[in-house]
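See below for entry_26.cif, which holds mmCIF, C-alpha atoms and all ligand atoms.
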```cif
data_run
#
loop_
_atom_site.label_atom_id
_atom_site.label_comp_id
_atom_site.auth_asym_id
_atom_site.auth_seq_id
_atom_site.Cartn_x
_atom_site.Cartn_y
_atom_site.Cartn_z
CA MET Y 6 -17.58 2.83 34.16
CA PRO Y 7 -18.98 3.61 30.68
CA PRO Y 8 -22.76 3.02 30.35
CA HIS Y 9 -24.26 0.19 28.28
CA ALA Y 10 -23.30 0.62 24.63
CA ALA Y 11 -26.57 -0.54 23.07
CA GLU Y 12 -28.22 2.85 22.53
CA GLY Y 13 -25.16 4.37 20.93
CA LEU Y 14 -24.43 1.29 18.86
CA ALA Y 15 -28.00 1.20 17.52
CA LEU Y 16 -27.19 4.46 15.71
CA ILE Y 17 -24.10 3.12 13.96
CA LYS Y 18 -24.80 1.87 10.43
CA ALA Y 19 -25.28 -1.91 10.34
CA SER Y 20 -22.94 -2.05 7.34
CA VAL Y 21 -20.19 -0.62 9.53
CA ARG Y 22 -20.90 -2.76 12.58
CA GLY Y 23 -20.72 -5.82 10.33
CA GLN Y 24 -17.13 -5.09 9.34
CA PRO Y 25 -14.02 -6.06 11.28
CA ALA Y 26 -11.92 -3.00 12.24
CA TYR Y 27 -8.64 -2.29 10.49
CA THR Y 28 -6.27 -3.17 13.30
CA LEU Y 29 -2.68 -4.14 13.69
CA ASP Y 30 -1.29 -6.23 16.48
CA ALA Y 31 2.36 -5.28 16.31
CA PRO Y 32 4.47 -6.38 19.27
CA ALA Y 33 7.90 -4.77 19.55
CA ALA Y 34 10.55 -6.79 17.70
CA ARG Y 35 14.18 -6.45 16.80
CA ARG Y 36 13.44 -6.98 13.12
CA LYS Y 37 10.26 -5.29 11.97
CA LEU Y 38 9.12 -6.85 8.71
CA ASN Y 39 5.36 -6.50 9.05
CA GLN Y 40 4.33 -3.19 7.45
CA ASN Y 41 6.22 -2.99 4.17
CA GLU Y 42 8.09 0.09 5.31
CA SER Y 43 11.46 1.15 3.96
CA PRO Y 44 14.33 -0.52 5.81
CA PHE Y 45 16.23 2.77 5.39
CA ASP Y 46 15.39 5.80 7.49
CA PHE Y 47 15.07 9.19 5.83
CA PRO Y 48 18.72 10.38 5.55
CA PRO Y 49 19.84 12.52 8.55
CA GLU Y 50 20.92 15.47 6.37
CA LEU Y 51 17.48 15.52 4.75
CA LYS Y 52 15.82 15.33 8.16
CA GLN Y 53 17.89 18.35 9.11
CA GLU Y 54 16.74 20.19 6.00
CA VAL Y 55 13.12 19.50 6.97
CA ALA Y 56 13.76 20.54 10.58
CA ASP Y 57 15.38 23.81 9.46
CA ALA Y 58 12.52 24.54 7.08
CA ILE Y 59 9.79 24.01 9.68
CA ALA Y 60 11.73 25.98 12.31
CA ARG Y 61 11.51 29.02 10.00
CA GLN Y 62 7.76 28.70 9.49
CA PRO Y 63 5.04 30.14 11.75
CA TRP Y 64 3.32 27.23 13.52
CA GLN Y 65 0.29 29.22 14.59
CA ARG Y 66 -0.72 29.55 10.93
CA TYR Y 67 -2.55 26.89 8.99
CA PRO Y 68 -0.56 25.16 6.29
CA GLU Y 69 -1.22 26.29 2.74
CA PHE Y 70 -4.65 25.40 1.42
CA ALA Y 71 -3.31 24.10 -1.90
CA PRO Y 72 0.50 24.06 -1.68
CA ALA Y 73 1.25 25.26 -5.21
CA ASP Y 74 4.98 24.52 -5.18
CA VAL Y 75 4.45 20.97 -3.91
CA LEU Y 76 1.70 20.32 -6.45
CA ALA Y 77 3.95 21.65 -9.22
CA ALA Y 78 6.89 19.51 -8.07
CA LEU Y 79 4.67 16.42 -7.91
CA ALA Y 80 3.27 17.16 -11.36
CA LYS Y 81 6.82 17.31 -12.69
CA HIS Y 82 7.87 14.16 -10.82
CA TYR Y 83 4.94 12.11 -12.12
CA ASP Y 84 4.68 13.86 -15.49
CA TRP Y 85 1.11 15.04 -15.00
CA VAL Y 86 -0.61 18.41 -14.63
CA ALA Y 87 -0.57 20.22 -11.28
CA GLU Y 88 -4.35 20.82 -11.41
CA GLY Y 89 -4.77 17.05 -11.45
CA VAL Y 90 -2.77 16.41 -8.26
CA LEU Y 91 -4.27 16.11 -4.76
CA VAL Y 92 -2.19 15.61 -1.65
CA GLY Y 93 -3.29 13.59 1.35
CA ASN Y 94 -2.40 12.61 4.86
CA GLY Y 95 -1.16 9.32 3.46
CA SER Y 96 -2.67 7.84 0.31
CA ASN Y 97 -5.23 6.07 2.50
CA GLU Y 98 -6.95 9.40 2.98
CA LEU Y 99 -7.31 9.77 -0.76
CA ILE Y 100 -8.82 6.29 -1.12
CA GLN Y 101 -11.37 7.42 1.43
CA ALA Y 102 -11.96 10.78 -0.29
CA THR Y 103 -12.39 9.14 -3.71
CA LEU Y 104 -14.86 6.56 -2.42
CA SER Y 105 -16.74 9.21 -0.45
CA VAL Y 106 -17.46 11.31 -3.55
CA THR Y 107 -18.34 8.35 -5.76
CA LEU Y 108 -20.35 5.90 -3.66
CA GLY Y 109 -23.97 6.21 -2.68
CA SER Y 110 -26.01 3.61 -0.87
CA GLY Y 111 -25.67 0.20 -2.54
CA ASP Y 112 -23.20 1.31 -5.20
CA VAL Y 113 -20.87 -1.49 -6.19
CA VAL Y 114 -17.10 -1.55 -5.78
CA VAL Y 115 -15.29 -4.41 -7.50
CA ALA Y 116 -11.77 -5.37 -6.46
CA PRO Y 117 -9.54 -8.40 -6.82
CA SER Y 118 -9.27 -10.66 -3.78
CA PRO Y 119 -7.29 -10.99 -1.61
CA THR Y 120 -6.18 -7.38 -1.50
CA PHE Y 121 -5.68 -4.46 0.91
CA SER Y 122 -8.52 -4.80 3.43
CA LEU Y 123 -9.18 -1.07 3.73
CA TYR Y 124 -11.06 -0.98 0.41
CA ARG Y 125 -13.75 -3.28 1.74
CA LEU Y 126 -14.01 -1.47 5.06
CA LEU Y 127 -14.27 2.01 3.49
CA THR Y 128 -16.85 0.77 0.97
CA ALA Y 129 -18.95 -0.49 3.88
CA VAL Y 130 -18.52 2.80 5.74
CA MET Y 131 -19.78 4.67 2.65
CA GLY Y 132 -22.77 2.32 2.40
CA GLY Y 133 -21.52 0.72 -0.81
CA HIS Y 134 -21.53 -2.94 -1.80
CA TYR Y 135 -18.14 -4.64 -2.16
CA VAL Y 136 -17.74 -7.43 -4.71
CA PRO Y 137 -14.44 -9.34 -4.57
CA VAL Y 138 -13.12 -11.13 -7.66
CA PRO Y 139 -10.63 -13.87 -6.76
CA LEU Y 140 -7.11 -13.77 -8.08
CA ASP Y 141 -6.15 -17.09 -9.68
CA GLU Y 142 -4.32 -19.93 -7.88
CA GLN Y 143 -0.95 -18.25 -8.40
CA PHE Y 144 -2.47 -14.94 -7.25
CA ASP Y 145 -2.35 -13.49 -10.76
CA PHE Y 146 -5.06 -11.01 -11.79
CA ASP Y 147 -7.97 -12.44 -13.76
CA VAL Y 148 -8.53 -9.38 -15.94
CA ASP Y 149 -11.33 -10.88 -18.08
CA ARG Y 150 -13.24 -11.94 -15.00
CA LEU Y 151 -12.79 -8.50 -13.41
CA ILE Y 152 -14.31 -6.87 -16.49
CA GLU Y 153 -17.12 -9.42 -16.62
CA VAL Y 154 -18.04 -9.02 -12.93
CA ALA Y 155 -17.76 -5.22 -13.07
CA ASN Y 156 -20.23 -5.17 -15.97
CA GLN Y 157 -22.59 -7.75 -14.48
CA GLN Y 158 -22.67 -5.84 -11.20
CA ARG Y 159 -22.74 -2.41 -12.87
CA ALA Y 160 -19.76 -1.45 -10.76
CA ARG Y 161 -19.33 2.25 -10.13
CA VAL Y 162 -15.74 1.83 -8.94
CA ILE Y 163 -13.02 -0.77 -9.52
CA VAL Y 164 -10.05 -0.71 -7.15
CA LEU Y 165 -6.83 -2.23 -8.43
CA ASN Y 166 -3.80 -2.49 -6.20
CA SER Y 167 -0.71 -3.28 -8.25
CA PRO Y 168 1.62 -4.69 -7.06
CA ASN Y 169 -1.05 -6.15 -4.85
CA ASN Y 170 -0.86 -6.28 -1.09
CA PRO Y 171 -0.52 -8.95 0.29
CA THR Y 172 0.26 -11.18 -2.70
CA GLY Y 173 2.95 -9.12 -4.47
CA SER Y 174 1.44 -9.86 -7.88
CA ALA Y 175 1.33 -7.06 -10.46
CA LEU Y 176 -1.25 -6.40 -13.14
CA PRO Y 177 -0.05 -7.50 -16.59
CA GLU Y 178 0.98 -4.81 -19.10
CA GLY Y 179 -2.08 -3.35 -20.79
CA ALA Y 180 -4.56 -4.56 -18.17
CA VAL Y 181 -5.70 -1.11 -17.02
CA GLN Y 182 -6.29 -0.03 -20.65
CA ARG Y 183 -8.42 -3.15 -21.15
CA ILE Y 184 -10.39 -2.56 -17.96
CA LEU Y 185 -10.99 1.08 -18.87
CA ALA Y 186 -12.13 0.07 -22.35
CA GLY Y 187 -14.22 -2.84 -21.15
CA THR Y 188 -16.14 -1.15 -18.31
CA GLU Y 189 -17.74 2.17 -17.44
CA ALA Y 190 -16.44 2.30 -13.87
CA LEU Y 191 -14.08 4.74 -12.23
CA ILE Y 192 -10.79 2.87 -11.90
CA ILE Y 193 -8.71 3.58 -8.80
CA CYS Y 194 -5.17 2.28 -9.29
CA ASP Y 195 -3.49 2.13 -5.90
CA GLU Y 196 0.20 2.13 -6.77
CA ALA Y 197 1.56 2.19 -3.22
CA TYR Y 198 4.22 -0.37 -4.24
CA GLN Y 199 4.71 0.47 -7.92
CA ASP Y 200 8.16 1.96 -7.28
CA PHE Y 201 9.34 -1.62 -6.70
CA GLY Y 202 7.97 -3.13 -9.91
CA GLY Y 203 5.14 -3.74 -12.33
CA PRO Y 204 3.55 -1.36 -14.82
CA SER Y 205 2.16 2.04 -13.80
CA ALA Y 206 -1.17 3.50 -14.90
CA VAL Y 207 0.19 7.07 -14.73
CA PRO Y 208 0.87 7.24 -18.52
CA LEU Y 209 -2.84 6.50 -19.10
CA LEU Y 210 -4.00 9.65 -17.31
CA PRO Y 211 -4.09 11.75 -20.53
CA HIS Y 212 -6.40 9.15 -22.07
CA SER Y 213 -9.19 8.78 -19.51
CA SER Y 214 -11.04 10.88 -16.96
CA ARG Y 215 -12.19 7.64 -15.27
CA LEU Y 216 -8.76 6.93 -13.87
CA VAL Y 217 -7.46 7.89 -10.43
CA VAL Y 218 -3.90 6.85 -9.58
CA LEU Y 219 -2.79 6.84 -5.95
CA ARG Y 220 0.85 7.02 -4.91
CA THR Y 221 2.51 7.25 -1.53
CA PHE Y 222 5.77 8.41 0.01
CA SER Y 223 5.29 5.82 2.79
CA LYS Y 224 6.97 2.84 1.18
CA ALA Y 225 9.78 3.47 -1.31
CA LEU Y 226 10.56 6.99 -0.11
CA GLY Y 227 10.77 6.15 3.59
CA LEU Y 228 8.27 8.67 4.95
CA ALA Y 229 5.57 6.44 6.47
CA GLY Y 230 5.86 8.26 9.79
CA LEU Y 231 4.98 11.61 8.26
CA ARG Y 232 2.00 10.42 6.21
CA PHE Y 233 2.12 11.75 2.68
CA GLY Y 234 0.27 10.44 -0.33
CA LEU Y 235 -1.20 11.79 -3.53
CA ALA Y 236 -3.87 11.21 -6.12
CA LEU Y 237 -3.43 11.89 -9.83
CA ALA Y 238 -6.57 12.37 -11.88
CA HIS Y 239 -8.21 14.50 -14.55
CA PRO Y 240 -8.29 18.08 -13.12
CA ALA Y 241 -12.11 18.18 -13.17
CA VAL Y 242 -12.31 14.86 -11.31
CA ALA Y 243 -9.56 15.93 -8.89
CA ARG Y 244 -11.61 19.03 -8.05
CA GLU Y 245 -14.56 16.82 -7.12
CA ILE Y 246 -12.45 14.38 -5.07
CA ALA Y 247 -11.06 17.40 -3.19
CA LYS Y 248 -14.59 18.00 -1.85
CA GLY Y 249 -14.34 14.66 -0.04
CA LYS Y 250 -11.19 15.52 1.86
CA LEU Y 251 -10.80 17.85 4.80
CA PRO Y 252 -9.18 21.25 4.32
CA TYR Y 253 -5.58 21.54 5.56
CA ASN Y 254 -5.28 17.77 5.59
CA VAL Y 255 -1.50 17.82 5.15
CA ASN Y 256 0.35 19.54 7.95
CA LEU Y 257 3.31 21.85 7.43
CA VAL Y 258 5.87 19.36 8.74
CA THR Y 259 4.74 16.80 6.19
CA LEU Y 260 4.67 19.38 3.42
CA ALA Y 261 8.25 20.35 4.26
CA ALA Y 262 9.29 16.69 4.19
CA ALA Y 263 7.56 16.19 0.85
CA ARG Y 264 9.39 19.22 -0.59
CA THR Y 265 12.72 17.82 0.63
CA ALA Y 266 11.94 14.34 -0.69
CA LEU Y 267 11.08 15.75 -4.11
CA ARG Y 268 14.14 17.99 -4.16
CA HIS Y 269 16.37 14.99 -3.40
CA ALA Y 270 14.35 12.40 -5.31
CA PRO Y 271 17.43 10.81 -6.98
CA VAL Y 272 18.99 10.03 -3.55
CA LEU Y 273 15.81 8.38 -2.37
CA THR Y 274 14.95 6.56 -5.56
CA ALA Y 275 18.46 5.07 -5.67
CA ARG Y 276 17.47 3.15 -2.56
CA ILE Y 277 14.63 1.45 -4.38
CA ARG Y 278 17.15 -0.53 -6.39
CA GLN Y 279 18.84 -1.58 -3.16
CA VAL Y 280 15.54 -2.89 -1.82
CA THR Y 281 14.67 -4.76 -5.01
CA ASP Y 282 18.17 -6.31 -5.12
CA ILE Y 283 17.80 -7.49 -1.51
CA ARG Y 284 14.32 -8.78 -2.35
CA ASP Y 285 15.50 -10.75 -5.38
CA ARG Y 286 18.32 -12.42 -3.45
CA PHE Y 287 15.95 -13.16 -0.58
CA VAL Y 288 13.36 -14.75 -2.88
CA GLU Y 289 16.03 -16.97 -4.46
CA ARG Y 290 17.14 -18.24 -1.07
CA LEU Y 291 13.62 -18.60 0.27
CA ALA Y 292 12.77 -20.87 -2.63
CA LEU Y 293 15.37 -23.32 -1.27
CA VAL Y 294 13.75 -23.57 2.16
CA PRO Y 295 11.86 -26.86 2.28
CA GLY Y 296 8.16 -26.75 3.02
CA LEU Y 297 7.58 -23.22 1.71
CA THR Y 298 5.79 -22.04 -1.41
CA VAL Y 299 7.15 -18.64 -2.41
CA TYR Y 300 4.94 -16.47 -4.62
CA PRO Y 301 6.51 -14.19 -7.24
CA THR Y 302 6.55 -10.56 -6.12
CA ALA Y 303 6.96 -7.15 -7.74
CA ALA Y 304 6.68 -5.36 -4.39
CA ASN Y 305 8.84 -4.86 -1.29
CA PHE Y 306 7.35 -7.89 0.44
CA VAL Y 307 7.05 -11.59 -0.23
CA LEU Y 308 4.12 -13.90 0.39
CA VAL Y 309 4.97 -17.44 1.45
CA ARG Y 310 2.77 -20.44 2.16
CA CYS Y 311 3.97 -22.84 4.84
CA ARG Y 312 3.28 -26.40 3.82
CA SER Y 313 4.79 -28.23 6.78
CA VAL Y 314 4.19 -26.08 9.87
CA PRO Y 315 1.04 -24.04 10.66
CA ALA Y 316 1.62 -20.37 9.71
CA LYS Y 317 0.51 -19.24 13.15
CA GLU Y 318 3.17 -21.38 14.78
CA LEU Y 319 5.86 -20.18 12.40
CA PHE Y 320 4.82 -16.56 12.99
CA ARG Y 321 5.00 -16.99 16.77
CA ARG Y 322 8.34 -18.77 16.73
CA LEU Y 323 9.90 -16.21 14.38
CA LEU Y 324 8.90 -13.55 16.88
CA ASP Y 325 9.60 -15.31 20.16
CA GLU Y 326 12.77 -17.17 19.26
CA PHE Y 327 14.32 -14.88 16.65
CA GLY Y 328 12.86 -11.41 17.30
CA ILE Y 329 11.47 -11.25 13.74
CA LEU Y 330 8.03 -9.74 13.26
CA VAL Y 331 6.31 -10.59 9.97
CA ARG Y 332 2.62 -10.35 9.03
CA ASP Y 333 0.37 -13.33 9.64
CA VAL Y 334 -2.20 -13.09 6.84
CA SER Y 335 -3.44 -16.67 7.25
CA ALA Y 336 -6.88 -15.70 8.57
CA SER Y 337 -8.09 -14.98 5.04
CA PRO Y 338 -9.45 -18.21 3.46
CA GLN Y 339 -7.45 -17.73 0.24
CA LEU Y 340 -4.30 -17.21 2.30
CA SER Y 341 -4.46 -20.14 4.66
CA GLU Y 342 -1.00 -20.90 6.06
CA CYS Y 343 0.43 -17.74 4.48
CA LEU Y 344 2.82 -15.18 5.96
CA ARG Y 345 3.83 -11.88 4.38
CA ILE Y 346 7.44 -10.84 4.91
CA SER Y 347 8.55 -7.26 4.19
CA VAL Y 348 11.94 -6.73 2.60
CA GLY Y 349 14.30 -5.30 5.20
CA THR Y 350 18.07 -4.93 5.24
CA GLU Y 351 20.44 -7.69 4.06
CA GLU Y 352 20.97 -8.57 7.72
CA ASP Y 353 17.23 -8.81 8.32
CA MET Y 354 16.81 -11.15 5.40
CA ASP Y 355 19.80 -13.27 6.48
CA ALA Y 356 18.17 -13.58 9.89
CA VAL Y 357 14.88 -14.69 8.34
CA ILE Y 358 16.60 -17.32 6.20
CA ILE Y 359 18.60 -18.65 9.15
CA ALA Y 360 15.48 -18.78 11.31
CA LEU Y 361 13.42 -20.59 8.68
CA GLN Y 362 16.31 -22.96 8.01
CA GLN Y 363 16.45 -23.83 11.70
CA MET Y 364 12.72 -24.30 12.01
CA LEU Y 365 12.04 -26.07 8.73
CA GLY Y 366 15.32 -27.92 8.39
CA GLN Y 367 17.85 -28.35 5.61
CA HIS Y 368 20.78 -26.13 4.81
CA VAL Y 369 20.35 -23.12 2.51
CA PRO Y 370 23.57 -21.79 0.98
CA SER Y 371 24.60 -18.39 2.31
CA ARG Y 372 24.61 -15.45 -0.10
C1 LIG Y 401 -2.11 -1.19 -0.88
C2 LIG Y 401 -1.85 -0.09 0.04
N1 LIG Y 401 -2.31 1.12 -0.21
C3 LIG Y 401 -2.10 2.16 0.61
C4 LIG Y 401 -1.39 1.97 1.77
C5 LIG Y 401 -1.20 3.09 2.73
O1 LIG Y 401 -0.45 4.08 2.24
P1 LIG Y 401 -0.29 5.44 3.02
O2 LIG Y 401 0.74 5.23 4.08
O3 LIG Y 401 0.13 6.36 1.94
O4 LIG Y 401 -1.62 5.83 3.60
C6 LIG Y 401 -0.88 0.73 2.09
C7 LIG Y 401 -0.14 0.55 3.35
O5 LIG Y 401 0.12 -0.49 3.82
C8 LIG Y 401 -1.11 -0.32 1.20
O6 LIG Y 401 -0.65 -1.55 1.48
#
```

Rewrite the coordinates I just gave you, this time as structure tokens.
Amino acid sequence: MPPHAAEGLALIKASVRGQPAYTLDAPAARRKLNQNESPFDFPPELKQEVADAIARQPWQRYPEFAPADVLAALAKHYDWVAEGVLVGNGSNELIQATLSVTLGSGDVVVAPSPTFSLYRLLTAVMGGHYVPVPLDEQFDFDVDRLIEVANQQRARVIVLNSPNNPTGSALPEGAVQRILAGTEALIICDEAYQDFGGPSAVPLLPHSSRLVVLRTFSKALGLAGLRFGLALAHPAVAREIAKGKLPYNVNLVTLAAARTALRHAPVLTARIRQVTDIRDRFVERLALVPGLTVYPTAANFVLVRCRSVPAKELFRRLLDEFGILVRDVSASPQLSECLRISVGTEEDMDAVIIALQQMLGQHVPSR
């Protein structure tokens, strides 16, 4: 039996104890539409290329400290300079590293709300103060209000996730320029879903050293299981963020997979179009299901509000009766009765439509 926890817990920061953990209750399901992953596995011939590459490497050696070829390939891919690229064990690690080198006790982070919950948790872990700025009723970004709040609160960091998880809404064109011009904060643009739509802040990198853009290979490129993300920033800022990450944070298997993904980028990026086509057809058909409000999305997931049946009930029935696992996001006050559905294969989306049709009534034409 473990001893009483009180003594140990007394030494954990109150700001951390006050936060809910980032957890995921993910029961096994036939159709997994809860984590915004790619519906398409990494192609077998590319897996083989990765396997061959790692079989040739010595595993008793650490991976490269700064993998020059990968940094150069990423710089080329994103049209930025290699000295301004940092790689991470998923982009989450680089959110953490960036906040760890910027935030001191009480420093303010401003972010739209609702958004990815990790920003709030990591801010609390770093001892910072998190100030959410609500999205509007349609979940669009209120750019003026973001600037106003950031200035009122003397925000040190603004985190913008576009397209935004879990709403799918994207920042309007020109918004990041306006926020850079209107505030003095470091702007972290988390573009985990930008491959699927909405403007990118990458072209702004030559214009500001207060911009950090995060990208990931977890979503569009189908490598969530290997954990690879990157940060793009001014080289001097990137050097400082690097101090907040652990050495050898990306293992040699992941580096090999990243090399292969970059070498075959056209094969992988062609699949993005497939996902967005499936998404657009799905959204059209969802809109015909009675009792649902469907929010516009630029990402590989769709947020819906259930007007006639409690979201929790719909979530449970989708899983139990149809083997479809989606994300129940209804605990957040702004998202009451909302579910987030990742875009899967055509068959997955057909199954969702059929299930919703059966539960909520009324016929929806087939595709
Ligand atoms: C907004 C956002 N950023 C980052 C991530 C995580 O990306 P990675 O797998 O690169 O750590 C996610 C994953 O769900 C996300 O939704």

Practice problem: In the coordinates of the file, take the point (-9.9, 4.5, -14.4) and a cut-off of 6 Å; then, counting only C-alpha atoms, name each qualifying protein, DNA or RNA residue as a PyMOL selection string. | Solution: chain Y and resi 185+191-193+215-217

Quiz item: Within 7 Å of ligand LIG 401 (chain Y), counting only C-alpha atoms and all ligand atoms: which residues, as a list in words?
Solution: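 Listed by chain and ascending number, the contacts are Gln40, Asn41, Asn94, Gly95, Ser96, Asn97, Glu98, Phe121, Asn166, Asn169, Asn170, Asp195, Ala197, Arg220, Thr221, Phe222, Ser223, Ala229, Arg232, Phe233 and Gly234 of chain Y.
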
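Closest approach to Pro171 (chain Y) among Y:Pro315, Y:Gly13, Y:Pro240, Y:Pro119 is made by Y:Pro119 (distances from only C-alpha atoms).
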
Quiz prompt | Interatomic distance, CA of Ala206 (chain Y) to CA of Val181 (chain Y) (Å, one decimal) | solution =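 So the answer is 6.8 Å.
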
Quiz prompt | Ala60 (chain Y) surroundings by only C-alpha atoms, 12 Å radius, close-in-sequence under 4 positions cut, as a PyMOL selection string | solution = chain Y and resi 53-56+64+257-258+261

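Picture a line from CA of Leu108 (chain Y) to CA of Gly132 (chain Y); it runs 7.4 Å.
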
Exercise. Find the distance between CA of Leu365 (chain Y) and CA of Ser313 (chain Y) and write it in Å to one decimal.
Key: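 CA of Ser313 (chain Y) lies at a distance of 7.8 Å from CA of Leu365 (chain Y).
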
Self-check item: Selected residue of minimal separation from Leu219 (chain Y) among Y:Gly133, Y:Gly93, Y:Pro271, Y:Gly202, counting only C-alpha atoms
Solution: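 So, comparing all the options, the nearest one is Y:Gly93.
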
Quiz item: Given the choices Y:Ala116, Y:Gln62, Y:Gly203, Y:Glu196, which gets closest to Arg161 (chain Y) if the distance is worked out from all atoms listed in the file?
Solution: Y:Ala116

Practice problem: Counting all atoms listed in the file, note down every residue that has an atom within 10 Å of the point (-15.2, -0.2, 1.2) (file coordinates), as a PyMOL selection string. | Solution: chain Y and resi 21+24+100-101+104-105+108+113-116+122-136+164

Exercise. Could you give me, as a ChimeraX atom specification, the residues within 8 Å of region 42-49 of chain Y, counting all atoms listed in the file and dropping anything in the same chain fewer than 3 positions from it?
Key: /Y:38,52-53,223-229,347-350

Keeping only C-alpha atoms, write the selected residues as an mmCIF file, in the frame of the given file.
```
data_model
loop_
_atom_site.group_PDB
_atom_site.id
_atom_site.type_symbol
_atom_site.label_atom_id
_atom_site.label_comp_id
_atom_site.auth_asym_id
_atom_site.auth_seq_id
_atom_site.Cartn_x
_atom_site.Cartn_y
_atom_site.Cartn_z
ATOM 1 C CA LEU Y 38 9.120 -6.850 8.710
ATOM 2 C CA LYS Y 52 15.820 15.330 8.160
ATOM 3 C CA GLN Y 53 17.890 18.350 9.110
ATOM 4 C CA SER Y 223 5.290 5.820 2.790
ATOM 5 C CA LYS Y 224 6.970 2.840 1.180
ATOM 6 C CA ALA Y 225 9.780 3.470 -1.310
ATOM 7 C CA LEU Y 226 10.560 6.990 -0.110
ATOM 8 C CA GLY Y 227 10.770 6.150 3.590
ATOM 9 C CA LEU Y 228 8.270 8.670 4.950
ATOM 10 C CA ALA Y 229 5.570 6.440 6.470
ATOM 11 C CA SER Y 347 8.550 -7.260 4.190
ATOM 12 C CA VAL Y 348 11.940 -6.730 2.600
ATOM 13 C CA GLY Y 349 14.300 -5.300 5.200
ATOM 14 C CA THR Y 350 18.070 -4.930 5.240
#
```

Quiz item: Which one of Y:Glu318, Y:Asn256, Y:Val331, Y:Phe306 sits closest to Gln65 (chain Y) if you count all atoms listed in the file?
Solution: Y:Asn256

Using all atoms listed in the file, find each residue of region 264-333 of chain Y with at least one atom at most 12 Å away from an atom of region 32-37 of chain Y; report its shortest atom-to-atom pair and that distance in Å (one decimal), sort the rows by chain and rising residue number, and return the result as CSV.
```
residue,atom,partner,partner_atom,distance
Y:Phe320,CA,Y:Pro32,CA,12.0
Y:Arg321,CA,Y:Pro32,CA,10.9
Y:Leu323,CA,Y:Arg36,CA,10.0
Y:Leu324,CA,Y:Ala34,CA,7.0
Y:Asp325,CA,Y:Ala34,CA,8.9
Y:Glu326,CA,Y:Ala34,CA,10.7
Y:Phe327,CA,Y:Arg35,CA,8.4
Y:Gly328,CA,Y:Arg35,CA,5.2
Y:Ile329,CA,Y:Arg36,CA,4.7
Y:Leu330,CA,Y:Lys37,CA,5.1
Y:Val331,CA,Y:Lys37,CA,6.9
Y:Arg332,CA,Y:Lys37,CA,9.6
```
